[in-house]
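**Q** Next comes structure12.txt, compact mmCIF, C-alpha atoms:
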# COMPACT_ATOMS: atom_id res chain seq x y z
CA MET T 27 134.69 142.44 124.02
CA LYS T 28 132.91 143.33 120.74
CA ALA T 29 134.91 140.65 118.96
CA PHE T 30 133.91 138.14 121.60
CA PHE T 31 130.18 138.85 121.17
CA LEU T 32 130.54 138.74 117.41
CA THR T 33 132.25 135.34 117.59
CA ALA T 34 129.66 134.06 120.03
CA VAL T 35 126.80 135.24 117.79
CA VAL T 36 128.33 133.61 114.69
CA ILE T 37 128.95 130.28 116.43
CA GLY T 38 125.58 130.42 118.18
CA SER T 39 123.84 130.97 114.84
CA ALA T 40 125.75 128.05 113.35
CA PHE T 41 124.60 125.88 116.23
CA LEU T 42 120.98 126.97 115.85
CA VAL T 43 121.07 126.28 112.09
CA SER T 44 122.51 122.85 112.86
CA CYS T 45 119.70 122.18 115.37
CA LYS T 46 117.08 123.32 112.89
CA LYS T 47 118.53 121.00 110.27
CA ASN T 48 118.37 118.10 112.71
CA LYS T 49 114.77 118.98 113.54
CA GLN T 50 113.87 118.95 109.86
CA GLU T 51 115.45 115.53 109.54
CA GLU T 52 113.26 114.21 112.36
CA VAL T 53 110.20 114.38 110.09
CA LYS T 54 108.48 110.99 110.13
CA PRO T 55 109.98 108.87 107.35
CA GLN T 56 107.76 107.36 104.67
CA ASP T 57 106.81 103.70 104.68
CA GLU T 58 109.57 101.53 103.29
CA ILE T 59 108.63 98.51 101.15
CA VAL T 60 110.60 95.50 102.36
CA TYR T 61 108.75 92.81 100.42
CA GLN T 62 106.38 92.90 97.46
CA THR T 63 105.03 90.43 94.94
CA ASP T 64 102.42 90.52 92.19
CA PHE T 65 102.75 86.77 91.58
CA SER T 66 103.41 87.41 87.88
CA VAL T 67 106.28 84.95 88.20
CA ASP T 68 106.18 81.88 90.39
CA ASP T 69 109.51 82.07 92.16
CA HIS T 70 108.61 79.06 94.32
CA THR T 71 108.83 81.04 97.52
CA TRP T 72 105.17 80.64 98.55
CA PHE T 73 103.66 77.31 99.47
CA ASN T 74 102.46 75.41 96.45
CA PHE T 75 99.94 72.69 97.25
CA PRO T 76 96.71 71.92 95.36
CA ASP T 77 94.91 74.26 97.78
CA HIS T 78 97.75 76.85 98.09
CA THR T 79 98.89 77.71 94.61
CA VAL T 80 100.71 80.52 92.86
CA LYS T 81 99.03 81.15 89.50
CA PRO T 82 101.61 83.08 87.48
CA LEU T 83 101.31 84.91 84.11
CA PRO T 84 99.33 86.46 82.48
CA ASP T 85 97.48 87.77 85.57
CA GLY T 86 99.38 86.42 88.55
CA TYR T 87 97.74 85.79 91.87
CA TYR T 88 97.95 83.45 94.82
CA GLU T 89 95.01 81.12 95.31
CA LEU T 90 93.94 79.60 98.58
CA ARG T 91 91.14 77.11 98.98
CA GLN T 92 89.45 75.71 102.07
CA THR T 93 86.67 73.11 101.84
CA GLN T 94 86.55 71.95 105.45
CA GLN T 95 83.97 73.66 107.63
CA ASN T 96 85.02 76.10 110.35
CA TYR T 97 88.60 76.03 109.14
CA GLN T 98 91.22 78.41 107.82
CA ALA T 99 93.86 78.13 105.10
CA TRP T 100 96.74 80.56 104.92
CA GLY T 101 99.84 81.38 102.93
CA ILE T 102 102.62 83.16 104.77
CA ALA T 103 104.76 85.65 102.85
CA PRO T 104 108.43 84.65 102.55
CA PHE T 105 109.66 87.43 104.81
CA GLY T 106 110.81 86.53 108.31
CA THR T 107 113.03 89.34 109.60
CA ILE T 108 110.42 91.79 110.87
CA ASN T 109 111.50 93.24 114.22
CA TYR T 110 109.96 96.66 113.65
CA ASP T 111 106.53 98.26 113.15
CA TYR T 112 105.17 96.93 109.89
CA ALA T 113 102.21 96.88 107.53
CA ILE T 114 100.88 94.11 105.31
CA SER T 115 98.43 94.76 102.52
CA ALA T 116 96.92 92.62 99.77
CA ASP T 117 94.38 92.84 96.97
CA THR T 118 91.76 90.37 98.11
CA ARG T 119 89.03 88.60 96.17
CA PHE T 120 87.05 85.56 97.18
CA PHE T 121 84.48 83.14 95.82
CA LEU T 122 82.13 80.62 97.41
CA ASP T 123 81.14 77.19 96.17
CA ASN T 124 77.56 78.06 97.16
CA ASP T 125 76.85 81.77 96.98
CA THR T 126 73.84 81.58 99.32
CA LYS T 127 76.25 80.73 102.16
CA TYR T 128 79.07 82.67 103.80
CA GLY T 129 82.85 82.70 103.79
CA MET T 130 85.78 85.00 104.60
CA ALA T 131 89.12 86.11 103.21
CA GLY T 132 91.75 88.40 104.65
CA LEU T 133 95.15 88.80 106.25
CA ILE T 134 97.14 86.88 108.83
CA PHE T 135 99.54 88.99 110.89
CA ASN T 136 101.73 88.69 113.98
CA PHE T 137 102.19 85.07 112.92
CA ILE T 138 104.66 83.32 115.20
CA ASP T 139 103.44 79.77 114.67
CA GLU T 140 100.23 77.87 113.93
CA THR T 141 98.76 78.65 117.34
CA HIS T 142 100.08 82.18 117.81
CA TYR T 143 98.80 84.71 115.28
CA SER T 144 96.12 87.30 114.54
CA ALA T 145 93.70 87.43 111.61
CA PHE T 146 91.64 90.14 109.90
CA TYR T 147 88.81 88.95 107.63
CA ILE T 148 86.06 90.37 105.50
CA CYS T 149 82.86 88.40 104.86
CA ASN T 150 80.42 88.39 101.94
CA ASP T 151 77.70 89.78 104.23
CA GLY T 152 79.60 93.11 104.29
CA THR T 153 81.20 92.68 107.70
CA PHE T 154 84.77 92.48 108.94
CA TYR T 155 86.14 90.55 111.87
CA ALA T 156 89.47 90.16 113.68
CA PHE T 157 90.74 87.76 116.28
CA ARG T 158 93.92 86.57 117.96
CA ASN T 159 94.97 82.99 118.63
CA THR T 160 97.28 82.63 121.63
CA GLY T 161 98.27 79.02 122.08
CA GLY T 162 94.86 77.76 121.00
CA MET T 163 92.94 80.37 122.99
CA PHE T 164 90.95 82.60 120.62
CA THR T 165 90.30 86.22 121.55
CA THR T 166 87.96 88.38 119.49
CA LEU T 167 89.64 91.67 118.60
CA VAL T 168 86.68 93.00 116.58
CA THR T 169 83.26 91.36 116.54
CA GLN T 170 81.68 91.04 113.10
CA THR T 171 81.08 94.67 112.20
CA TYR T 172 79.35 96.07 109.14
CA SER T 173 81.40 98.43 106.97
CA ALA T 174 80.16 100.30 103.91
CA LYS T 175 83.78 100.27 102.70
CA ILE T 176 83.61 96.56 101.88
CA ASN T 177 82.81 95.56 98.30
CA TYR T 178 80.97 92.46 99.39
CA GLN T 179 79.96 91.00 96.02
CA LEU T 180 81.73 87.70 95.45
CA GLY T 181 84.88 88.22 93.37
CA ALA T 182 84.97 91.97 94.06
CA LEU T 183 88.31 93.61 94.81
CA ASN T 184 89.01 94.76 98.36
CA VAL T 185 92.38 96.12 99.40
CA LEU T 186 93.01 95.11 102.99
CA GLU T 187 95.80 96.43 105.16
CA VAL T 188 96.98 95.97 108.74
CA ARG T 189 99.41 98.50 110.19
CA GLN T 190 100.95 96.95 113.28
CA TYR T 191 102.72 99.23 115.73
CA ASN T 192 104.50 98.34 118.93
CA THR T 193 101.41 98.71 121.12
CA GLY T 194 98.49 98.58 118.70
CA ALA T 195 97.30 98.08 115.14
CA ASN T 196 95.08 99.82 112.59
CA LEU T 197 92.86 97.89 110.19
CA PHE T 198 92.14 99.37 106.76
CA ILE T 199 89.63 98.45 104.10
CA ASN T 200 90.07 100.06 100.70
CA GLY T 201 92.21 102.83 102.18
CA THR T 202 89.91 103.69 105.09
CA SER T 203 90.82 102.97 108.69
CA VAL T 204 87.96 100.87 110.10
CA LYS T 205 89.32 99.92 113.51
CA THR T 206 92.16 100.56 115.95
CA LEU T 207 93.26 97.53 117.97
CA TYR T 208 95.10 97.66 121.28
CA SER T 209 97.01 94.56 120.36
CA ALA T 210 100.80 94.68 120.72
CA ARG T 211 103.35 93.46 118.20
CA PRO T 212 104.74 90.21 119.58
CA ASN T 213 108.39 89.77 120.49
CA GLY T 214 110.64 87.99 118.03
CA PHE T 215 110.12 88.03 114.28
CA PRO T 216 106.41 87.95 113.43
CA ARG T 217 105.39 87.05 109.89
CA ALA T 218 102.33 87.90 107.86
CA GLY T 219 100.31 86.57 104.95
CA VAL T 220 96.90 85.96 103.44
CA ALA T 221 94.09 83.64 104.52
CA VAL T 222 90.59 82.32 103.92
CA ALA T 223 88.15 80.89 106.43
CA THR T 224 84.95 78.87 106.27
CA TYR T 225 81.91 79.01 108.53
CA SER T 226 80.28 76.22 110.47
CA SER T 227 77.05 74.60 109.30
CA PRO T 228 74.42 75.82 108.35
CA TYR T 229 76.39 78.69 106.75
CA PHE T 230 79.30 76.56 105.57
CA THR T 231 80.49 76.36 101.98
CA GLY T 232 83.93 76.01 100.37
CA VAL T 233 85.90 79.27 99.97
CA THR T 234 88.46 80.19 97.32
CA GLY T 235 90.58 83.30 97.88
CA LYS T 236 92.60 85.07 95.19
CA PHE T 237 95.28 87.43 96.45
CA ASP T 238 97.52 89.83 94.57
CA ASN T 239 100.03 92.63 95.20
CA VAL T 240 101.04 91.45 98.66
CA THR T 241 103.20 94.15 100.20
CA ILE T 242 105.03 94.32 103.51
CA LYS T 243 106.36 97.67 104.64
CA LYS T 244 108.45 98.96 107.47
CA ILE T 245 106.38 101.79 108.97
CA TYR T 246 107.12 104.63 111.36
CA MET H 22 136.08 133.26 129.87
CA LYS H 23 135.84 134.26 126.21
CA THR H 24 137.77 131.19 125.17
CA PHE H 25 135.60 129.00 127.35
CA PHE H 26 132.39 130.14 125.64
CA VAL H 27 133.87 129.75 122.19
CA LEU H 28 135.09 126.25 123.03
CA LEU H 29 131.74 125.29 124.57
CA LEU H 30 129.77 126.39 121.53
CA THR H 31 132.20 124.74 119.13
CA THR H 32 131.96 121.50 121.08
CA LEU H 33 128.17 121.60 120.95
CA VAL H 34 128.19 122.03 117.18
CA LEU H 35 130.70 119.22 116.73
CA VAL H 36 128.77 116.85 119.01
CA SER H 37 125.63 117.54 117.02
CA CYS H 38 127.45 116.65 113.76
CA LYS H 39 129.06 113.53 115.28
CA LYS H 40 125.64 112.19 116.37
CA LYS H 41 124.56 112.17 112.75
CA GLU H 42 127.65 110.28 111.67
CA GLU H 43 126.98 107.45 114.12
CA ALA H 44 123.62 106.71 112.51
CA GLN H 45 125.23 105.76 109.21
CA PRO H 46 124.92 102.05 108.28
CA GLN H 47 128.08 100.01 108.32
CA SER H 48 129.47 98.20 105.32
CA ILE H 49 130.94 94.70 105.30
CA GLN H 50 134.36 96.30 104.88
CA GLU H 51 135.97 97.15 108.16
CA SER H 52 139.28 96.63 109.84
CA ALA H 53 139.91 92.89 110.13
CA THR H 54 142.75 90.39 110.39
CA LEU H 55 142.71 87.36 108.12
CA LEU H 56 142.77 84.17 110.19
CA TYR H 57 142.04 81.55 107.56
CA GLU H 58 141.32 81.40 103.84
CA THR H 59 140.99 78.54 101.41
CA THR H 60 139.95 78.27 97.79
CA PHE H 61 139.80 74.48 98.19
CA HIS H 62 142.71 73.84 95.84
CA THR H 63 144.25 71.61 98.48
CA ALA H 64 142.21 68.91 100.16
CA THR H 65 142.35 69.90 103.81
CA TRP H 66 138.65 69.61 104.71
CA PRO H 67 137.16 66.26 105.74
CA THR H 68 135.75 64.08 102.98
CA ALA H 69 133.12 61.41 103.47
CA ILE H 70 131.08 58.92 101.49
CA GLY H 71 127.89 58.38 103.45
CA ASN H 72 124.63 56.49 102.94
CA HIS H 73 122.73 59.68 102.16
CA PHE H 74 125.44 62.19 101.35
CA ASN H 75 128.95 62.59 99.93
CA ALA H 76 131.55 65.25 100.72
CA THR H 77 134.36 65.26 98.18
CA TYR H 78 136.81 67.47 96.33
CA ASP H 79 135.99 67.94 92.69
CA ASN H 80 137.62 70.28 90.20
CA ASN H 81 139.22 72.43 92.91
CA GLN H 82 135.94 72.82 94.74
CA TYR H 83 134.53 71.29 97.87
CA PHE H 84 131.45 69.37 96.84
CA ILE H 85 128.58 67.98 98.95
CA THR H 86 125.56 66.00 97.73
CA ILE H 87 122.41 64.87 99.57
CA ASP H 88 119.94 62.36 98.14
CA THR H 89 117.56 61.96 101.10
CA ALA H 90 114.68 64.06 102.41
CA ASN H 91 114.93 65.97 105.69
CA TYR H 92 118.68 65.60 106.01
CA ILE H 93 121.41 67.92 107.21
CA VAL H 94 125.14 67.62 106.57
CA TRP H 95 127.89 69.88 107.81
CA GLN H 96 131.65 69.84 107.58
CA LEU H 97 133.82 72.02 109.79
CA SER H 98 136.83 73.93 108.58
CA PRO H 99 140.20 72.73 109.83
CA TYR H 100 140.80 76.11 111.50
CA ARG H 101 140.88 76.23 115.30
CA ALA H 102 138.07 77.67 117.43
CA VAL H 103 137.78 81.47 117.53
CA ASP H 104 136.85 83.54 120.56
CA SER H 105 137.04 87.06 119.10
CA ASN H 106 134.52 89.06 117.10
CA TYR H 107 134.69 87.68 113.59
CA LEU H 108 133.62 87.76 109.96
CA VAL H 109 133.09 84.43 108.21
CA GLU H 110 132.47 84.32 104.48
CA VAL H 111 131.85 81.59 101.90
CA ASP H 112 131.19 81.32 98.14
CA ILE H 113 128.42 78.82 97.40
CA SER H 114 126.75 77.41 94.33
CA ILE H 115 123.67 75.15 94.74
CA ASN H 116 122.00 72.77 92.28
CA LEU H 117 118.50 71.43 92.94
CA THR H 118 117.44 68.45 90.81
CA ASP H 119 113.93 69.93 90.64
CA SER H 120 114.19 73.72 90.75
CA LYS H 121 110.57 74.05 91.90
CA LYS H 122 111.48 72.32 95.16
CA TRP H 123 113.54 73.59 98.07
CA GLY H 124 117.03 72.80 99.35
CA TYR H 125 119.67 74.83 101.20
CA ALA H 126 123.37 75.43 101.61
CA GLY H 127 125.21 77.88 103.78
CA ILE H 128 127.44 78.48 106.76
CA ILE H 129 127.48 76.62 110.05
CA TYR H 130 128.78 79.07 112.64
CA ASN H 131 129.05 79.52 116.38
CA TYR H 132 129.66 75.78 116.47
CA VAL H 133 130.48 74.71 120.02
CA ASN H 134 129.47 71.06 119.74
CA ASN H 135 126.91 68.91 117.92
CA SER H 136 124.11 70.26 120.12
CA ASN H 137 125.03 73.96 119.99
CA TYR H 138 125.49 75.74 116.70
CA SER H 139 123.78 78.03 114.18
CA VAL H 140 123.19 77.77 110.44
CA PHE H 141 122.67 80.61 107.95
CA ARG H 142 121.68 79.28 104.54
CA ILE H 143 120.14 80.17 101.20
CA CYS H 144 117.85 78.47 98.71
CA PRO H 145 118.15 78.98 94.92
CA ASN H 146 114.59 80.44 94.93
CA GLY H 147 115.99 83.67 96.43
CA THR H 148 115.33 83.16 100.12
CA PHE H 149 117.61 82.90 103.13
CA ASN H 150 116.87 81.54 106.56
CA CYS H 151 118.65 80.95 109.82
CA TYR H 152 118.27 78.59 112.74
CA GLN H 153 120.03 77.76 115.96
CA MET H 154 120.48 74.58 117.99
CA VAL H 155 120.69 75.24 121.72
CA ASP H 156 121.46 72.16 123.81
CA GLY H 157 119.95 70.04 121.07
CA ASN H 158 116.76 72.11 120.79
CA PHE H 159 115.96 73.51 117.36
CA SER H 160 115.02 77.19 117.22
CA VAL H 161 114.23 79.19 114.09
CA ARG H 162 115.80 82.63 113.96
CA PHE H 163 114.51 83.66 110.54
CA TYR H 164 111.98 81.76 108.48
CA PRO H 165 112.65 81.83 104.72
CA THR H 166 112.94 85.46 103.70
CA PHE H 167 113.08 86.67 100.13
CA THR H 168 115.85 89.05 99.19
CA SER H 169 116.84 90.43 95.83
CA ALA H 170 120.45 90.23 97.03
CA ILE H 171 120.49 86.51 96.18
CA LYS H 172 121.36 85.57 92.61
CA THR H 173 118.67 82.97 91.93
CA GLY H 174 118.80 79.75 89.97
CA ASN H 175 120.87 76.60 89.87
CA GLY H 176 124.66 76.78 89.72
CA VAL H 177 124.93 80.49 90.50
CA VAL H 178 127.63 81.58 92.94
CA ASN H 179 126.48 83.61 95.97
CA THR H 180 128.72 84.97 98.70
CA LEU H 181 127.36 84.62 102.23
CA ALA H 182 128.90 86.34 105.23
CA ILE H 183 128.19 86.79 108.92
CA LYS H 184 129.71 89.42 111.12
CA GLN H 185 129.57 88.51 114.82
CA LYS H 186 130.11 91.26 117.34
CA LYS H 187 129.64 91.24 121.10
CA GLU H 188 125.86 91.69 120.98
CA THR H 189 124.89 91.46 117.33
CA GLN H 190 125.05 89.35 114.23
CA GLU H 191 124.91 91.01 110.84
CA PHE H 192 124.16 88.93 107.76
CA PHE H 193 125.33 89.66 104.23
CA ILE H 194 124.64 88.19 100.83
CA ASN H 195 126.81 89.37 97.97
CA ASN H 196 127.99 92.27 100.17
CA VAL H 197 124.41 93.46 100.79
CA SER H 198 123.52 93.72 104.47
CA LEU H 199 120.35 91.84 105.47
CA GLY H 200 120.32 93.64 108.78
CA SER H 201 121.99 93.49 112.16
CA TYR H 202 120.18 91.60 114.92
CA LEU H 203 120.58 91.16 118.66
CA PHE H 204 122.20 87.72 118.79
CA PRO H 205 125.09 87.89 121.26
CA LYS H 206 128.44 86.21 120.85
CA GLU H 207 128.89 82.74 122.33
CA THR H 208 130.80 82.64 125.58
CA LEU H 209 132.88 79.66 124.42
CA PRO H 210 135.24 79.64 121.40
CA VAL H 211 133.42 78.65 118.21
CA LYS H 212 134.21 76.89 114.96
CA PHE H 213 132.85 77.36 111.45
CA GLY H 214 132.12 75.30 108.38
CA VAL H 215 129.69 74.69 105.56
CA ALA H 216 126.24 73.14 105.87
CA MET H 217 123.62 71.67 103.56
CA CYS H 218 120.04 70.62 104.21
CA SER H 219 117.32 68.89 102.23
CA GLU H 220 113.59 69.55 102.73
CA HIS H 221 110.94 67.21 104.05
CA THR H 222 109.11 64.98 101.59
CA ASP H 223 106.64 67.50 100.10
CA PHE H 224 109.42 69.86 99.01
CA PHE H 225 112.34 67.47 98.74
CA THR H 226 114.61 67.19 95.75
CA PRO H 227 118.16 65.75 95.65
CA LEU H 228 120.73 68.54 95.73
CA ASN H 229 124.41 69.31 95.59
CA ALA H 230 126.46 72.36 96.40
CA SER H 231 130.01 73.41 95.63
CA PHE H 232 132.02 75.69 97.88
CA SER H 233 134.84 77.60 96.22
CA ARG H 234 136.13 79.96 98.94
CA PHE H 235 135.98 80.07 102.72
CA VAL H 236 137.33 82.91 104.84
CA ILE H 237 137.53 83.63 108.57
CA LYS H 238 138.61 87.08 109.75
CA LYS H 239 139.08 88.48 113.21
CA LEU H 240 137.34 91.84 113.56
CA ASP H 241 139.65 94.38 115.16
Show how you would write the structure in this file as structure tokens.
**A**
Amino acid sequence: MKAFFLTAVVIGSAFLVSCKKNKQEEVKPQDEIVYQTDFSVDDHTWFNFPDHTVKPLPDGYYELRQTQQNYQAWGIAPFGTINYDYAISADTRFFLDNDTKYGMAGLIFNFIDETHYSAFYICNDGTFYAFRNTGGMFTTLVTQTYSAKINYQLGALNVLEVRQYNTGANLFINGTSVKTLYSARPNGFPRAGVAVATYSSPYFTGVTGKFDNVTIKKIY
Amino acid sequence: MKTFFVLLLTTLVLVSCKKKEEAQPQSIQESATLLYETTFHTATWPTAIGNHFNATYDNNQYFITIDTANYIVWQLSPYRAVDSNYLVEVDISINLTDSKKWGYAGIIYNYVNNSNYSVFRICPNGTFNCYQMVDGNFSVRFYPTFTSAIKTGNGVVNTLAIKQKKETQEFFINNVSLGSYLFPKETLPVKFGVAMCSEHTDFFTPLNASFSRFVIKKLD
């Protein structure tokens, strides 16, 4: 009988240790970079048009330009196998043809096609804004909201990030979460990228965005 | 009774260990039966001289050229249709006349007829993509996706492989898994071959590709 209890205790302890080990392994994994570019080399994987151009060495970046009013221009990262929670981030700078007017630069995410996507922009008045396009129907996700986290001088660096989970997303500006969206990750393989947008008259002017260090991560 | 408890505890420990094992990623190597292999030393694949493309044997390689924008060419292997789980693998080398432009070569698989098939292909810029034709309707599975698994540049040999199981397709480039995705096996027997595509006008450049090995295996 003693031997039986001893055996049971030894095996039971082994089982508990095994469970503990498994528990430790369940710690949330760190973000995993699945795509990253600093544009220091033009590998011809991003669109290259006069208004969508990779500017390689010595200080690589991706430039987007939009000169039509109330319009966007975007460049989608060459990464199309996302079927998991993901984050996209980019160093974002933008310039205006007329600095008394307004313009926006930011991130495109949950991009399925040209009429199914979401966008997160910052503006040179110190506000941010997000919306979703569903088959040509635009839904505001965040109305233009002031944030002290935005460096709103033209040409200033802002690091923007969207962390998209299965049922919602978090928007970050320079490392600070500024908004939680209840906007689900679409089915299929959404893509993500960078974008600029112009305003309508009387605020309209041409916008040039310069983007660097675009990173896509698998998140948990 | 004693034995029962000991066995129960031992089983629990073993089940816990086994669970961990199942989470391990699979490699391209697994038990398989070779169905077909060619290194193109004998001319058994169809050749053609077309208005916009040629398919010929040259220097013990199968060689296809395209000189027209927005064009797709495929040639099927002479092996019969397969209805089992399979692995199909090909060695490809692509040459773009202008390396800043885009052009593709890869595997045509799950070919049932001219309106139902899939293509997995690479571009020398380091991206792969995949699309499917279903009853003549084009559907993108993956948009161009950058991977460091591709050896970039003109004339470099890359090995592409697809593993089709009952519910999933797993894609490999140079033995590196690009992930396993829920794309179920066709219900009808399927054929395989090689495919090449040119881009539309903005990104078009004439291209050629040589194929030096083609393998079909039945997965056990």
**Q** Counting all atoms listed in the file, which of T:Val240, T:Ala103, T:Val188, T:Ile108 gets nearest to Ser144 in chain T?
**A**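 Under the stated criterion, the closest residue is T:Val188.
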**Q** Counting all atoms listed in the file, which residues sit no farther than 12 Å from the position (130.4, 67.1, 94.2) in the file's frame? I'd like them as a ChimeraX atom specification.
**A** /H:68-70,74-87,114-116,228-233
**Q** Which is closest to Ala156 in chain T among T:His78, T:Lys236, T:Lys205, T:Arg217, if we use only C-alpha atoms?
**A** T:Lys205
**Q** Figure out the distance between CA of Tyr191 in chain T and CA of Ser169 in chain H, please, to one decimal in Å.
**A**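 Here the two named atoms are 25.9 Å from each other.
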**Q** Taking (93.3, 105.7, 101.9) in the file's own coordinates, collect the residues within 12 Å, counting only C-alpha atoms, and hand them back as a list in words.
**A** Lys175, Val185, Leu186, Glu187, Leu197, Phe198, Ile199, Asn200, Gly201, Thr202, Ser203 and Val204 of chain T
